[in-house]
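Colleague: Have a look at this one before I ask anything.
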Amino acid sequence: MTHTSFFGGSTRRDFLVLLVMMLLGALVPSLLNRGLIFIAGLVWINAVFGLAFNLLFGLAGVLSFGQAMFFAAGAYAAAALMQQLGMPFVPALLLAGAVGALLAGAVGAVALRRSEGVYFAILTLAFAEMLHLLVANIGFLGKNDGLSGLARPVLTLPGMPGVGLDLTQGDRFYYFIVAACGGMIALIRWVVSTPFGRALQALKQDPQRAEFLGIPVRLHRLAIFVFAGTMTALAGALVAPWAQIVTPELAHWSNSTNPILYTLLGGSAYFWGPVLGAVLLSAVFYVTRTLAGISDLATGLLLLGVVLALPGGVLSLLDRWTGRPKDGERPQ
Amino acid sequence: MLLSDVATLLVNSFTWAMATFLVAAGLTLVFGTLHILNFSHGGFFMIGAYVAFSLASALGGSDSIAVYLFGALAAGVAIALLGLVVDRLVLRRLAGVEDAYVLIATYALLLVCEGATKLVWGLKYQSVMPPPSLDGAWALGSVVVPRLSLFIIAAGVAVYVALEVFLNRTRSGRLVKAIAADPWMARLLGVNVRLVYTATVAIGFALAGLAGGLLVANQTLSPTLASAFVIYAFGVIIVGGMGSISGAFFGSILLGLIDAIGQWLLPGLPGLPFFVAMTLILLLRPQGLMGHAQ
């Protein structure tokens, strides 16, 4: 049996880690320039994107190659609801999450029933490409140009005009991202710690035995697929007002590979793996941004090196140094 | 719809089908034997096209079919050599690694290919003129058939026939098939399985490079060429049955027709019928039209 660290750290320790991360994140605007603040916001969003993917891959053992579909669905839903239909931000955000849940429910109900392994990966990729083609060809969604000039929101309370929080000013939307992503990360960590999360771990190790023990394997996989889709769509919905533009590129299959990169780089057997991976890859992109090609080359070589030489990801190195036993194995 | 429109639609869909088959052939061969679904195949196809492009520029353009074919063969050889390096450094180490990690490792290789292409050839769109004898079109009544289309269709059929003859009629080809079917038994019978794997990789990569060289005049060259083609190639080998050369051949014809008919019916959504067909096949017959259930 392969040991993984999803439950290695206690929930309390992980909430403490999250708190420290959020405090550090809150210091970013006073320490770094505008460009880096923007990147820091994206890192938070990508951390949620990666963590949601790893709920499927690291926790439940399902490889999805189509997570961009939920990210793009959330981003487009938020953008279209706010810009085209004039809906306030919070309901638009929640509806975007619901769109992700519905989409994941539909795709998961079909795809999880009929396929496994590489076939499931390719199937999710094909579904995501369909969404990519749809958003790139629908006039309401701006076709190939996407929707641009998206405004950052002002939070208001219904029935109480004049009372509100203006997120268009300064770095306020960045703080909102830190709070929202922190909340989502806490929720994801909580789900991992529930009996449901443990059942997923069991069915990843041995689906047949889990079924015998009374775990409804298919239903559990569908449930986590929908939850991951929802979290991914919410992350996408945050990117729309942050980047102030959504384009069909968000739905392209290369965007589906981003959470995979974060997860493998950081370590799929660790809860914090995708977060570390998102930070590291953003740093690689930032350092190599000036020369076209170098960033692809560096990312590719890094990922190849991790898969071939360090299949446990960067966090397994930490385990090796701190002498925790038998943790660098490839999760099965 | 006029008869000439039908003819044009057929010519276009067969051209697409054979172009895609040329890329898919090596992909399905490598999957059939090594059970590696190689994302980077599209990347090496792209590098093959760029190699042919560089050769054509160095020679001052290809003025005859012979020179054009020479460029394609040279690209095939170059990519086959690259394949030997990749086999040595990466593919060999993937034996026994879980499927998901293999898929991700070959995706990493695709990123390396794209990065290298951007560094060597730049981000600019490039193009290669076909040799004069392949330029222009024949008019058969009201149907206009570009010569380059006929060349690509002929090249696709030729590669298909050559592969079928090799795999079914030659000793080495049968050895590849035997190992694909049962590597353990083949090893027991004294076959050097490692050597055949390496040879298969070399042939698969050579096919990628050859496809790049043959299609270079049909395609605008840019670093996005790889990701576009590899998804189409995935689609046709899934529809045809992964690992089957005939499956890739007929799968690409079928998907080409479906896509062409779909575009005629739904002109606003190019490409959608392809993915719908691919999804339906994956759901209803995951082993593909010509594959065997595992």
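Scheme for the structure tokens: letters A, B, ... for chains in order shown; per-chain residue numbers from 1; ligand numbers from 1 in order shown.
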Any idea which chain A residues end up within 8 Å of chain B if we count only C-alpha atoms, as a ChimeraX atom specification please?
Modeller: /A:63,110-111,114-115,117-119,123,126-127,129-130,133-134,137,292-301,303-304,307-308,332
Colleague: Let me see the file: selected residues, C-alpha atoms, as a PDB file, in the first residue's frame.
Modeller:
```pdb
ATOM      1  CA  LEU A  63      -7.268  11.951 -14.085  1.00  0.00           C
ATOM      2  CA  VAL A 110     -21.785  10.528 -18.734  1.00  0.00           C
ATOM      3  CA  ALA A 111     -17.996  10.215 -18.587  1.00  0.00           C
ATOM      4  CA  ARG A 114     -18.383   4.780 -19.253  1.00  0.00           C
ATOM      5  CA  SER A 115     -14.683   5.187 -18.913  1.00  0.00           C
ATOM      6  CA  GLY A 117      -7.899   5.945 -16.927  1.00  0.00           C
ATOM      7  CA  VAL A 118      -6.566   7.372 -20.160  1.00  0.00           C
ATOM      8  CA  TYR A 119      -9.970   7.039 -21.847  1.00  0.00           C
ATOM      9  CA  LEU A 123     -13.006  12.066 -22.948  1.00  0.00           C
ATOM     10  CA  ALA A 126     -12.940  16.235 -25.843  1.00  0.00           C
ATOM     11  CA  PHE A 127     -15.763  17.711 -23.745  1.00  0.00           C
ATOM     12  CA  GLU A 129     -12.706  21.239 -26.531  1.00  0.00           C
ATOM     13  CA  MET A 130     -16.433  21.298 -27.345  1.00  0.00           C
ATOM     14  CA  LEU A 133     -15.389  25.725 -29.756  1.00  0.00           C
ATOM     15  CA  LEU A 134     -18.748  26.904 -28.429  1.00  0.00           C
ATOM     16  CA  ASN A 137     -18.171  30.889 -31.879  1.00  0.00           C
ATOM     17  CA  ALA A 292       9.557  33.232 -26.062  1.00  0.00           C
ATOM     18  CA  GLY A 293      10.037  29.505 -25.810  1.00  0.00           C
ATOM     19  CA  ILE A 294      12.160  29.426 -22.677  1.00  0.00           C
ATOM     20  CA  SER A 295       9.119  29.196 -20.409  1.00  0.00           C
ATOM     21  CA  ASP A 296       7.696  26.217 -22.328  1.00  0.00           C
ATOM     22  CA  LEU A 297      11.091  24.577 -22.391  1.00  0.00           C
ATOM     23  CA  ALA A 298      11.687  25.147 -18.684  1.00  0.00           C
ATOM     24  CA  THR A 299       8.197  23.982 -17.713  1.00  0.00           C
ATOM     25  CA  GLY A 300       8.470  20.887 -19.897  1.00  0.00           C
ATOM     26  CA  LEU A 301      11.913  19.904 -18.614  1.00  0.00           C
ATOM     27  CA  LEU A 303       7.805  18.433 -15.348  1.00  0.00           C
ATOM     28  CA  LEU A 304       9.693  15.685 -17.160  1.00  0.00           C
ATOM     29  CA  VAL A 307       7.839  12.601 -13.397  1.00  0.00           C
ATOM     30  CA  LEU A 308      11.021  10.638 -14.150  1.00  0.00           C
ATOM     31  CA  GLN A 332      -0.542   4.360  -7.091  1.00  0.00           C
TER      32      GLN A 332
END
```
Colleague: Using only C-alpha atoms, I'd like a table of the residues in segment 211-323 of chain A that come within 12 Å of segment 9-26 of chain A; for each, show the closest atom pair and its distance in Å rounded to one decimal, ordered by chain and ascending number, as a tab-separated table.
Modeller:
```
residue	atom	partner	partner_atom	distance
A:Ala269	CA	A:Gly9	CA	11.8
A:Tyr270	CA	A:Gly9	CA	9.2
A:Phe271	CA	A:Asp14	CA	8.6
A:Trp272	CA	A:Asp14	CA	8.6
A:Val275	CA	A:Met21	CA	10.3
A:Leu276	CA	A:Met21	CA	11.2
A:Val279	CA	A:Met21	CA	11.7
```
Colleague: What lies within 9 Å of Ala75 of chain B using only C-alpha atoms, ignoring chain neighbours under 3 positions off, as a PyMOL selection string?
Modeller: chain B and resi 47-52+55+70-72+78-80+206+208-213
Colleague: Would you save the residues from that selection as a compact mmCIF listing (two decimals), in the first residue's frame, using N, CA and C atoms?
Modeller:
```txt
# COMPACT_ATOMS: atom_id res chain seq x y z
N ILE B 47 8.19 19.70 -35.56
CA ILE B 47 9.63 19.91 -35.79
C ILE B 47 10.01 19.37 -37.17
N GLY B 48 9.40 18.24 -37.57
CA GLY B 48 9.65 17.70 -38.90
C GLY B 48 9.28 18.71 -39.98
N ALA B 49 8.14 19.36 -39.80
CA ALA B 49 7.71 20.36 -40.78
C ALA B 49 8.70 21.53 -40.83
N TYR B 50 9.17 21.94 -39.64
CA TYR B 50 10.14 23.05 -39.62
C TYR B 50 11.48 22.65 -40.23
N VAL B 51 11.89 21.38 -40.02
CA VAL B 51 13.14 20.91 -40.63
C VAL B 51 13.01 20.97 -42.15
N ALA B 52 11.86 20.49 -42.66
CA ALA B 52 11.64 20.54 -44.11
C ALA B 52 11.63 21.99 -44.60
N LEU B 55 15.18 23.21 -44.74
CA LEU B 55 15.86 22.62 -45.90
C LEU B 55 15.43 23.33 -47.18
N PHE B 70 12.36 14.71 -51.17
CA PHE B 70 13.65 14.57 -50.49
C PHE B 70 13.60 15.30 -49.14
N GLY B 71 13.02 16.51 -49.16
CA GLY B 71 12.88 17.27 -47.91
C GLY B 71 12.09 16.50 -46.88
N ALA B 72 10.99 15.86 -47.33
CA ALA B 72 10.13 15.11 -46.41
C ALA B 72 10.89 13.91 -45.84
N ALA B 78 15.65 12.80 -39.77
CA ALA B 78 16.06 13.65 -38.64
C ALA B 78 15.22 13.35 -37.41
N ILE B 79 13.90 13.23 -37.60
CA ILE B 79 13.03 13.00 -36.44
C ILE B 79 13.21 11.58 -35.90
N ALA B 80 13.52 10.63 -36.79
CA ALA B 80 13.78 9.27 -36.31
C ALA B 80 14.99 9.27 -35.38
N ALA B 206 9.86 8.57 -37.28
CA ALA B 206 10.13 8.85 -38.69
C ALA B 206 8.84 9.22 -39.40
N ALA B 208 6.26 10.63 -38.05
CA ALA B 208 5.91 12.00 -37.64
C ALA B 208 6.68 13.02 -38.47
N GLY B 209 7.99 12.80 -38.61
CA GLY B 209 8.82 13.73 -39.38
C GLY B 209 8.43 13.76 -40.84
N LEU B 210 8.17 12.56 -41.39
CA LEU B 210 7.75 12.45 -42.79
C LEU B 210 6.45 13.22 -43.01
N ALA B 211 5.50 13.03 -42.07
CA ALA B 211 4.23 13.74 -42.17
C ALA B 211 4.47 15.24 -42.18
N GLY B 212 5.37 15.70 -41.30
CA GLY B 212 5.68 17.13 -41.26
C GLY B 212 6.21 17.61 -42.60
N GLY B 213 7.14 16.84 -43.18
CA GLY B 213 7.73 17.23 -44.45
C GLY B 213 6.74 17.19 -45.60
```
Colleague: When DSSP works through the backbone of this structure, what residues of segment 95-261 of chain B end up as alpha helix (DSSP H), shown as a PyMOL selection string?
Modeller: chain B and resi 99-121+147-169+171-181+183-188+193-215+225-240+245-261
Colleague: Quick check, in Å to one decimal: how far apart do atom CA of Ala79 of chain A and atom CA of Ala101 of chain A lie?
Modeller: 17.2 Å
Colleague: Please provide as a PyMOL selection string all residues within 8 Å of Pro241 of chain A, with the sequence filter that same-chain residues fewer than 3 positions apart are discarded (counting only C-alpha atoms).
Modeller: chain A and resi 79+150-153+237-238+244-245
Colleague: For those residues, write N, CA and C atoms to a file as a PDB file, in the first residue's frame.
Modeller:
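Dumped everything to out10.pdb:
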```
ATOM      1  N   ALA A  79     -18.480  36.724 -16.239  1.00  0.00           N
ATOM      2  CA  ALA A  79     -18.307  37.866 -17.136  1.00  0.00           C
ATOM      3  C   ALA A  79     -19.612  38.213 -17.845  1.00  0.00           C
ATOM      4  N   LEU A 150     -13.926  44.133 -18.519  1.00  0.00           N
ATOM      5  CA  LEU A 150     -14.783  43.748 -17.401  1.00  0.00           C
ATOM      6  C   LEU A 150     -14.451  44.626 -16.202  1.00  0.00           C
ATOM      7  N   ALA A 151     -15.495  45.134 -15.552  1.00  0.00           N
ATOM      8  CA  ALA A 151     -15.280  46.035 -14.416  1.00  0.00           C
ATOM      9  C   ALA A 151     -15.086  45.232 -13.143  1.00  0.00           C
ATOM     10  N   ARG A 152     -14.248  45.766 -12.242  1.00  0.00           N
ATOM     11  CA  ARG A 152     -14.184  45.173 -10.908  1.00  0.00           C
ATOM     12  C   ARG A 152     -15.404  45.643 -10.123  1.00  0.00           C
ATOM     13  N   PRO A 153     -15.896  44.797  -9.241  1.00  0.00           N
ATOM     14  CA  PRO A 153     -17.228  45.055  -8.676  1.00  0.00           C
ATOM     15  C   PRO A 153     -17.237  45.967  -7.449  1.00  0.00           C
ATOM     16  N   ALA A 237     -14.458  32.270 -11.973  1.00  0.00           N
ATOM     17  CA  ALA A 237     -15.281  33.468 -11.835  1.00  0.00           C
ATOM     18  C   ALA A 237     -14.493  34.609 -11.200  1.00  0.00           C
ATOM     19  N   LEU A 238     -13.498  34.271 -10.367  1.00  0.00           N
ATOM     20  CA  LEU A 238     -12.659  35.327  -9.774  1.00  0.00           C
ATOM     21  C   LEU A 238     -11.682  35.908 -10.783  1.00  0.00           C
ATOM     22  N   GLN A 244      -9.868  41.187 -15.948  1.00  0.00           N
ATOM     23  CA  GLN A 244     -10.774  42.087 -16.658  1.00  0.00           C
ATOM     24  C   GLN A 244     -10.984  41.692 -18.106  1.00  0.00           C
ATOM     25  N   ILE A 245     -10.659  40.440 -18.438  1.00  0.00           N
ATOM     26  CA  ILE A 245     -10.938  39.940 -19.782  1.00  0.00           C
ATOM     27  C   ILE A 245     -11.088  38.419 -19.688  1.00  0.00           C
TER      28      ILE A 245
END
```
Colleague: Can you tell me, as a list in words, what residues are no more than 9 Å from segment 176-183 of chain A when counting only C-alpha atoms, ignoring any on the same chain fewer than 2 positions away?
Modeller: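 So, after excluding close chain neighbours, the residues are Leu18, Leu19, Met21, Met22, Gly25, Ala26, Gly41, Leu42, Trp44, Ile45, Ala47, Val48, Leu167, Asp171, Arg172, Phe173, Tyr174, Ile185, Ala186, Leu187, Ile188, Ala235, Leu238 and Trp242 of chain A.
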Colleague: Counting only C-alpha atoms, which residue out of B:Pro132, B:Leu10, B:Leu175, B:Leu225 sits closest to Leu254 of chain B?
Modeller: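 Smallest distance to Leu254 of chain B is found for B:Leu10.
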Colleague: Separation of atom CA of Gly288 of chain B and atom CA of Leu257 of chain B, in Å?
Modeller: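 Answer for the atom CA of Gly288 of chain B to atom CA of Leu257 of chain B separation: 17.0 Å.
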Colleague: List the spatial neighbours of Pro131 of chain B as an MDAnalysis selection string - criterion: any atom at most 8 Å away, only C-alpha atoms, same-chain residues fewer than 4 positions off excluded.
Modeller: chainID B and resid 61:65 68 135
Colleague: Only C-alpha atoms, please: the residues just picked out, written as a PDB file, in the first residue's frame.
Modeller:
```pdb
ATOM      1  CA  GLY B  61      12.732  26.557 -52.540  1.00  0.00           C
ATOM      2  CA  SER B  62      11.737  23.176 -53.881  1.00  0.00           C
ATOM      3  CA  ASP B  63      11.400  23.322 -57.643  1.00  0.00           C
ATOM      4  CA  SER B  64      10.340  19.740 -58.269  1.00  0.00           C
ATOM      5  CA  ILE B  65       8.363  16.989 -56.554  1.00  0.00           C
ATOM      6  CA  TYR B  68      10.001  18.210 -52.055  1.00  0.00           C
ATOM      7  CA  ASP B 135       0.831  24.221 -57.357  1.00  0.00           C
TER       8      ASP B 135
END
```
Colleague: Go through B:Leu134, B:Met290, B:Leu255, B:Val230 and flag the residue nearest Phe151 of chain B, using only C-alpha atoms for the distances.
Modeller: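 The closest residue to Phe151 of chain B is B:Leu134.
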Colleague: Rounded to one decimal in Å, what is the spacing between atom CA of Ser133 of chain B and atom CA of Arg147 of chain B?
Modeller: 8.0 Å
